[in-house]
Amino acid sequence: MQAFHRRRFVALCLAAALITAPVFAAELTVSAASSLANAFADLGKAFEAAHPGDKVVLNLAASDVLLRQLEQGAPADVFASADEVTMDRAAAAKSIDTTTRRDFAGNTLVLIVAAGIKVPEALEELNGAGYAHVAIGNPESVPAGRYAKQALVDAKLWDGLQTRLVPTQNVRQALDYVARGEAQAGFVYATDAAVQKDKVRVALNVPTATPVRYPIAVTAASAHAQLASRFVEFVVSTDAQAALGRYGFTSVAP
Amino acid sequence: MPVGALTPLLLTLKVALCATLLATLFGVLFARMLGRKRSVTRDVAESVLTLPLVLPPTVLGYYLLVVLGRNGAIGSWLLDHFGITLIFTWQGAVIAAAIAAFPLILRSARAAFTDVDRSLEQAARTLGLREPAVFFRVTLPLAWRGVLAGALLAFARAMGEFGATLMIAGSLPGRTQTLALAIYDAVMAGDDARAATLVWISLLLAIVVLLIAARLLQRHTP
């Protein structure tokens with residue numbers, strides 16, 4: 001008898017949770033590029049503070065991985081990618097609401113070296129001894145890797161460095177390998193390097209053919225489109241821009 | 001970085017074979033050390049040794065990266081004394097796969113050793129065989145099917161190792177990119193055709209391994 005009551009009580013709680021959850025609080029899933037990890041954690045909290053009851057859930061991965069998930073129907077509400085190429089693909093696949101698309105930040109690609117490694121003064125020096133492993137986001141799926149590959153191709157270094165390159169699944173894995181000293185050098189964004197500034201040193205800014213820009217948009221399949229566009233508005237607001245600036249992102253003129 | 005399907009296939013076989021050999025060696029050794037008696041200490045020891053099977057592979061990968069990395073306890077020692085780095089090498093992938101697969105052999109081998117008729121071992125002892133000889137000439141030959149079953153499971157586990165391998169060996173095409181990693185890379189790059197090819201190869205490989213396993217274990221059934 002007692003067991004029966006307990007079961008009924010549990011069932012009631014479950015039902016209540018299922019019914020009331022959407023009424024009282026919306027859970028906003030934000031798919032954001034790995035390089036945005038720290039900054040968006042802050043923005044998410046600030047947004048939650050301004051919207052009591054609503055919750056921001058961050059889904060962090062390389063931009064292309066996020067796009068793959070979106071294309072396969074992942075229930076994300078907002079998509080923030082680390083380059084225009086990925087967002088263009090999302091638009092082509094009709095995965096985003098293109099009217100909500102805006103650029104919200106800029107960044108710089110940098111070459112970093114591990115502690116105790118000679119700081120190179122030019123990309124060419126990566127061919128020298130002492131740089132056995134160079135971590136780079138996989139250009140097939142990571143924007144930071146795409147920018148870095150383009151820079152290396154332009155400098156006619158790409159083919160020669162093949163045996164030294166260690167492709168990673170996202171930009172933060174490249175940062176981690178250099179921070180641990182497993183790779184002697186690596187390509188990351190200036191904002192990533194700042195996260196581990198006691199373990200890695202920025203050797204030089206890598207010129208990119210196109211400037212590093214972060215676009216954001218509400219997804220086409222968002223179940224909370226209104227709240228999602230409010231989040232997008234928030235990210236381009238002065239307050240959020242200042243917060244992004246604290247993490248080293250440059251602001252982009254609207 | 002285009003690499004054909006053959007390279008990841010051969011690499012997968014190489015890594016899985018080496019990992020299985022390594023895991024079998026240590027699995028049998030530890031199963032023998034744990035012995036057939038049960039006690040709290042032995043149970044705790046077995047639980048600890050089984051951890052790699054239970055923990056998420058990324059936990060394993062993290063610890064391996066910390067211990068085997070160039071600043072890690074073992075990694076720095078290997079580097080200073082032998083100039084060996086395991087990170088980003090296929091040997092690193094072997095270690096990750098071997099540790100992940102080891103508990104499967106340990107468990108089956110221990111069960112198999114326990115099932116061996118005690119009186120046969122005692123008979124060997126009364127006939128003057130020393131302990132190592134009793135193990136190698138009586139216990140192991142009688143328990144080989146259990147050990148082999150464990151080894152085949154370990155081989156399958158080693159072939160599919162992903163998380164820990166990705167963390168310590170990376171996903172270097174042609175060098176450490178096994179089938180499991182190559183499939184992930186292909187999917188993430190949106191190359192579904194390549195992913196499908198690699199998936200088919202994996203399926204065929206798995207079926208071949210299972211068929212061989214069935215044959216090996218069947219033929220000697222009394």
# chains A, B, ... in the order shown; residues from 1 in each chain; ligands from 1
>>> residues_around(residues="Phe79 (chain A)", least_positions_apart="3", cutoff="10 Å", atoms="only C-alpha atoms", output="VMD selection string")
chain A and resid 29 to 33 59 63 66 to 67 70 76 87 90 95 to 96 101 215 to 219 228 232
>>> write_last_selection(atoms="C-alpha atoms", output="PDB file, in the first residue's frame")
ATOM      1  CA  THR A  29      20.114  26.269 -25.854  1.00  0.00           C
ATOM      2  CA  VAL A  30      22.966  28.329 -27.239  1.00  0.00           C
ATOM      3  CA  SER A  31      25.324  26.526 -29.616  1.00  0.00           C
ATOM      4  CA  ALA A  32      28.527  28.545 -29.446  1.00  0.00           C
ATOM      5  CA  ALA A  33      31.997  28.131 -30.942  1.00  0.00           C
ATOM      6  CA  ASN A  59      26.546  23.783 -26.160  1.00  0.00           C
ATOM      7  CA  SER A  63      31.637  25.701 -35.292  1.00  0.00           C
ATOM      8  CA  LEU A  66      27.606  22.718 -34.171  1.00  0.00           C
ATOM      9  CA  LEU A  67      26.455  23.196 -37.760  1.00  0.00           C
ATOM     10  CA  LEU A  70      21.868  21.833 -36.381  1.00  0.00           C
ATOM     11  CA  ALA A  76      19.413  24.619 -30.410  1.00  0.00           C
ATOM     12  CA  MET A  87      27.214  30.744 -40.850  1.00  0.00           C
ATOM     13  CA  ALA A  90      23.979  27.289 -42.032  1.00  0.00           C
ATOM     14  CA  SER A  95      19.237  26.086 -40.452  1.00  0.00           C
ATOM     15  CA  ILE A  96      19.083  29.702 -39.276  1.00  0.00           C
ATOM     16  CA  ARG A 101      21.929  37.255 -38.295  1.00  0.00           C
ATOM     17  CA  PRO A 215      28.227  35.962 -36.483  1.00  0.00           C
ATOM     18  CA  ILE A 216      25.214  34.996 -34.370  1.00  0.00           C
ATOM     19  CA  ALA A 217      21.646  34.061 -35.396  1.00  0.00           C
ATOM     20  CA  VAL A 218      18.445  32.490 -34.133  1.00  0.00           C
ATOM     21  CA  THR A 219      18.035  28.969 -35.477  1.00  0.00           C
ATOM     22  CA  ALA A 228      16.287  33.585 -28.655  1.00  0.00           C
ATOM     23  CA  VAL A 232      20.875  37.897 -29.764  1.00  0.00           C
TER      24      VAL A 232
END
>>> interface_residues(of="chain A", to="chain B", cutoff="9 Å", atoms="only C-alpha atoms", output="number ranges by chain")
A: 64-65, 68, 133, 138-142, 162, 165-169, 173, 180-182
>>> write_last_selection(atoms="C-alpha atoms", output="PDB file, in the first residue's frame")
ATOM      1  CA  ASP A  64      31.315  23.015 -37.964  1.00  0.00           C
ATOM      2  CA  VAL A  65      30.377  20.409 -35.386  1.00  0.00           C
ATOM      3  CA  ARG A  68      26.401  19.406 -38.279  1.00  0.00           C
ATOM      4  CA  HIS A 133      54.521  19.504 -33.129  1.00  0.00           C
ATOM      5  CA  ASN A 138      41.401  20.682 -38.114  1.00  0.00           C
ATOM      6  CA  PRO A 139      40.807  22.967 -41.144  1.00  0.00           C
ATOM      7  CA  GLU A 140      38.039  20.611 -42.297  1.00  0.00           C
ATOM      8  CA  SER A 141      35.890  21.439 -39.291  1.00  0.00           C
ATOM      9  CA  VAL A 142      37.430  24.222 -37.167  1.00  0.00           C
ATOM     10  CA  GLN A 162      52.429  18.674 -42.899  1.00  0.00           C
ATOM     11  CA  LEU A 165      50.890  19.672 -37.770  1.00  0.00           C
ATOM     12  CA  VAL A 166      48.670  18.118 -35.107  1.00  0.00           C
ATOM     13  CA  PRO A 167      45.037  18.646 -36.129  1.00  0.00           C
ATOM     14  CA  THR A 168      42.663  19.131 -33.188  1.00  0.00           C
ATOM     15  CA  GLN A 169      38.894  18.843 -32.806  1.00  0.00           C
ATOM     16  CA  GLN A 173      42.262  21.418 -27.754  1.00  0.00           C
ATOM     17  CA  ARG A 180      50.818  21.142 -21.596  1.00  0.00           C
ATOM     18  CA  GLY A 181      53.940  21.460 -23.737  1.00  0.00           C
ATOM     19  CA  GLU A 182      52.964  18.452 -25.887  1.00  0.00           C
TER      20      GLU A 182
END
>>> closest_residue(among="B:Ile212, B:Ala164, B:Leu181, B:Met33", to="Phe135 (chain B)", atoms="only C-alpha atoms")
B:Met33
>>> select_by_dssp(residues="chain B", states="helix (DSSP H, G or I)", output="PyMOL selection string")
chain B and resi 6-34+40-54+57-68+73-82+90-115+118-126+131-160+163-169+179-188+192-219
>>> residues_around(residues="Arg246 (chain A)", least_positions_apart="5", cutoff="10 Å", atoms="only C-alpha atoms", output="list in words")
Ala39, Thr191, Ala240 and Gln241 of chain A
